[in-house]
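Visitor: Structure incoming, see below.
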Amino acid sequence: MKQLISGTQIKNIELHDIYGNKIHIPQAKHWTHLQFRRYSGCAVCNLHLHSFIARNKELNASNIQEVVIFNSTPERILADLPNCPLNIVSDAEGHLYSEFGVGKAVMAVFNPSVWPAAIRGAAKFGIQLPRDNETSWGLPADFLIDKDGLIAAVHYGKHANDQWSIDRLLNLVALEEVAT
């Protein structure tokens with residue numbers, strides 16, 4: 001599976017969120033933060049995602065279209081994340097994960113750096129094991145895509161809690177806007 005790098009031009013993508021709404025990447029008037037998470041019941045993923053939900057106004061003010069990909073069915077996502085204000089896409093078959101080079105590794109959950117977030121997430125959201133095609137071994141990934149479809153920045157996580165914070169994302173957008 002080939003990982004993408006900054007400077008890669010992506011093709012126009014049309015996705016549908018879990019409610020059936022169309023999402024276009026790139027977005028002519030917005031940056032796109034495409035974040036690949038593991039599965040929608042993942043305590044670490046939920047802890048991270050809720051930090052973005054809590055600061056959704058800042059994302060909107062920075063012209064960032066947030067698109068979250070989960071390796072879960074739409075039904076499972078809706079049950080785990082009802083009324084989420086972010087664009088959430090189901091990729092239960094893993095096609096987008098493959099297209100963007102997002103992989104899996106046993107160390108996704110066994111890396112000691114994951115444990116504090118897993119404990120905090122489990123205390124807040126409970127523990128759900130993967131079901132159906134979901135996997136515990138999934139790794140996160142983040143892509144910042146500009147208005148023309150160019151990947152401005154990319155990060156492939158080495159474990160389940162290795163992803164951009166919202167502050168890191170906002171700083172990346174600010175730096176990219178200064179550079180252009």
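The way I read the labels, and the way they are meant: chains A, B, ... in the order of the structure tokens, residue 1 as the first residue of every chain, and ligand 1 as the first ligand shown, with later ones counted on from there.
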Could you list, as a VMD selection string, every residue within 12 Å of region 142-153 of chain A, counting only C-alpha atoms and ignoring same-chain residues fewer than 4 positions away?
Guide: chain A and resid 3 to 13 24 to 37 63 to 69 97 100 to 102 157 to 158 162 to 166 168 to 177 179 to 180
Visitor: Tell me, which residues of region 37-173 of chain A carry DSSP strand (DSSP E), written as a list in words?
Guide: Ile64, Gln65, Glu66, Val67, Val68, Ile69, Phe70, Asn87, Ile88, Val89, Ser90, Ala141, Asp142, Phe143, Leu144, Ile145, Ile151, Ala152, Ala153, Val154, His155 and Tyr156 of chain A
Visitor: Using DSSP on the backbone, list every residue of chain A that comes out as alpha helix (DSSP H), and give them as number ranges by chain.
Guide: A: 43-54, 56-61, 74-80, 95-99, 107-110, 115-125, 166-179
Visitor: Considering only C-alpha atoms, state which residue in the set A:Ala141, A:Leu47, A:Arg131, A:Tyr39 is at the smallest distance from Pro116 (chain A).
Guide: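 Among the listed residues, the smallest separation from Pro116 (chain A) belongs to A:Leu47.
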Visitor: My list of candidates is A:Met107, A:Cys84, A:Leu129, A:Leu96. Which is closest to Leu49 (chain A) when distances are computed with only C-alpha atoms?
Guide: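 So, comparing all the options, the nearest one is A:Cys84.
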Visitor: Would you kindly return, as a list in words, each protein, DNA or RNA residue with an atom no farther than 10 Å from any atom of Gln128 (chain A), considering only C-alpha atoms and excluding same-chain residues fewer than 5 positions away?
Guide: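 In the requested format, the answer is Tyr39, Ser40, Gly41, Cys42, Ala43, Asp80 and Ala122 of chain A.
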Visitor: Generate the output file for the selected residues, all heavy atoms, as a compact mmCIF listing (two decimals), in the first residue's frame.
Guide:
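After the write, part.txt holds the following:
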```txt
# COMPACT_ATOMS: atom_id res chain seq x y z
N TYR A 39 -12.31 2.70 14.07
CA TYR A 39 -13.73 2.33 13.98
C TYR A 39 -14.51 3.25 14.93
O TYR A 39 -13.95 3.80 15.88
CB TYR A 39 -13.96 0.85 14.29
CG TYR A 39 -13.52 0.39 15.65
CD1 TYR A 39 -14.44 0.28 16.69
CD2 TYR A 39 -12.20 0.06 15.90
CE1 TYR A 39 -14.04 -0.15 17.94
CE2 TYR A 39 -11.79 -0.37 17.16
CZ TYR A 39 -12.71 -0.46 18.17
OH TYR A 39 -12.32 -0.88 19.41
N SER A 40 -15.79 3.42 14.69
CA SER A 40 -16.55 4.45 15.39
C SER A 40 -16.75 4.19 16.88
O SER A 40 -17.03 5.12 17.63
CB SER A 40 -17.91 4.67 14.72
OG SER A 40 -18.70 3.50 14.78
N GLY A 41 -16.56 2.99 17.35
CA GLY A 41 -16.67 2.69 18.77
C GLY A 41 -15.34 2.76 19.51
O GLY A 41 -15.29 2.55 20.72
N CYS A 42 -14.28 3.07 18.81
CA CYS A 42 -12.93 3.13 19.39
C CYS A 42 -12.86 4.26 20.41
O CYS A 42 -13.11 5.42 20.09
CB CYS A 42 -11.91 3.35 18.27
SG CYS A 42 -10.26 3.78 18.83
N ALA A 43 -12.49 3.92 21.65
CA ALA A 43 -12.42 4.92 22.72
C ALA A 43 -11.38 6.00 22.42
O ALA A 43 -11.62 7.18 22.68
CB ALA A 43 -12.10 4.22 24.04
N ASP A 80 -23.01 5.11 17.41
CA ASP A 80 -21.89 5.54 18.25
C ASP A 80 -21.75 7.05 18.34
O ASP A 80 -21.28 7.57 19.35
CB ASP A 80 -20.57 4.95 17.72
CG ASP A 80 -20.50 3.45 17.87
OD1 ASP A 80 -21.15 2.89 18.78
OD2 ASP A 80 -19.78 2.82 17.06
N ALA A 122 -12.04 5.28 27.31
CA ALA A 122 -12.91 4.21 27.83
C ALA A 122 -13.73 4.71 29.02
O ALA A 122 -14.91 4.39 29.15
CB ALA A 122 -12.07 3.00 28.23
```
Visitor: Would you mind listing what lies within 8 Å of Asn56 (chain A) as a list of chain:residue names, with only C-alpha atoms counted and same-chain residues fewer than 3 positions away left out?
Guide: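 In the requested format, the answer is A:Phe52, A:Ile53, A:Leu59, A:Asn60, A:Pro85, A:Leu86.
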Visitor: With N, CA, C and O atoms retained, export the selected residues as a PDB file, in the first residue's frame.
Guide:
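Dumped to part26.pdb:
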```pdb
ATOM      1  N   PHE A  52     -12.359  17.729  18.403  1.00  0.00           N
ATOM      2  CA  PHE A  52     -12.687  18.479  17.187  1.00  0.00           C
ATOM      3  C   PHE A  52     -14.132  18.975  17.234  1.00  0.00           C
ATOM      4  O   PHE A  52     -14.417  20.097  16.821  1.00  0.00           O
ATOM      5  N   ILE A  53     -15.023  18.163  17.736  1.00  0.00           N
ATOM      6  CA  ILE A  53     -16.429  18.571  17.856  1.00  0.00           C
ATOM      7  C   ILE A  53     -16.535  19.789  18.779  1.00  0.00           C
ATOM      8  O   ILE A  53     -17.238  20.751  18.470  1.00  0.00           O
ATOM      9  N   LEU A  59     -12.917  25.497  13.520  1.00  0.00           N
ATOM     10  CA  LEU A  59     -12.708  24.867  12.212  1.00  0.00           C
ATOM     11  C   LEU A  59     -13.445  25.655  11.137  1.00  0.00           C
ATOM     12  O   LEU A  59     -12.881  25.965  10.080  1.00  0.00           O
ATOM     13  N   ASN A  60     -14.707  25.975  11.405  1.00  0.00           N
ATOM     14  CA  ASN A  60     -15.506  26.731  10.445  1.00  0.00           C
ATOM     15  C   ASN A  60     -14.908  28.113  10.194  1.00  0.00           C
ATOM     16  O   ASN A  60     -14.842  28.571   9.049  1.00  0.00           O
ATOM     17  N   PRO A  85     -21.665  16.991  14.433  1.00  0.00           N
ATOM     18  CA  PRO A  85     -21.717  18.093  13.471  1.00  0.00           C
ATOM     19  C   PRO A  85     -20.676  18.008  12.354  1.00  0.00           C
ATOM     20  O   PRO A  85     -20.700  18.820  11.432  1.00  0.00           O
ATOM     21  N   LEU A  86     -19.770  17.048  12.421  1.00  0.00           N
ATOM     22  CA  LEU A  86     -18.731  16.909  11.401  1.00  0.00           C
ATOM     23  C   LEU A  86     -19.215  15.984  10.295  1.00  0.00           C
ATOM     24  O   LEU A  86     -20.119  15.182  10.483  1.00  0.00           O
TER      25      LEU A  86
END
```
Visitor: With only C-alpha atoms as the atoms that count, which of A:Gly20, A:Ala92, A:Asn46, A:Gly103 lies nearest to Glu134 (chain A)?
Guide: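 For Glu134 (chain A), the nearest of the candidates is A:Ala92.
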Visitor: Between CA of Ala79 (chain A) and CA of Ile18 (chain A), what is the distance in Å, rounded to a tenth?
Guide: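 Between CA of Ala79 (chain A) and CA of Ile18 (chain A) the gap works out to 11.1 Å.
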Visitor: Excluding Asp17 (chain A) and residues on its chain fewer than 3 positions from it, collect all residues at most 9 Å away from it, counting only C-alpha atoms, and give them as a list of chain:residue names.
Guide: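 So, after excluding close chain neighbours, the residues are A:Gly20, A:Asn21, A:Lys22, A:Ile23, A:Val67, A:Pro74, A:Asn87, A:Ile88, A:Val89, A:Ser90.
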Visitor: Can you write just those residues out, C-alpha atoms, as an mmCIF file, in the first residue's frame?
Guide:
```
data_model
loop_
_atom_site.group_PDB
_atom_site.id
_atom_site.type_symbol
_atom_site.label_atom_id
_atom_site.label_comp_id
_atom_site.auth_asym_id
_atom_site.auth_seq_id
_atom_site.Cartn_x
_atom_site.Cartn_y
_atom_site.Cartn_z
ATOM 1 C CA GLY A 20 -26.466 10.708 2.406
ATOM 2 C CA ASN A 21 -25.204 14.282 1.886
ATOM 3 C CA LYS A 22 -22.597 14.830 -0.848
ATOM 4 C CA ILE A 23 -19.095 15.872 0.131
ATOM 5 C CA VAL A 67 -14.177 14.915 6.828
ATOM 6 C CA PRO A 74 -23.240 3.846 8.647
ATOM 7 C CA ASN A 87 -18.880 15.186 8.016
ATOM 8 C CA ILE A 88 -18.536 11.481 8.769
ATOM 9 C CA VAL A 89 -18.071 8.910 6.025
ATOM 10 C CA SER A 90 -18.395 5.145 6.296
#
```
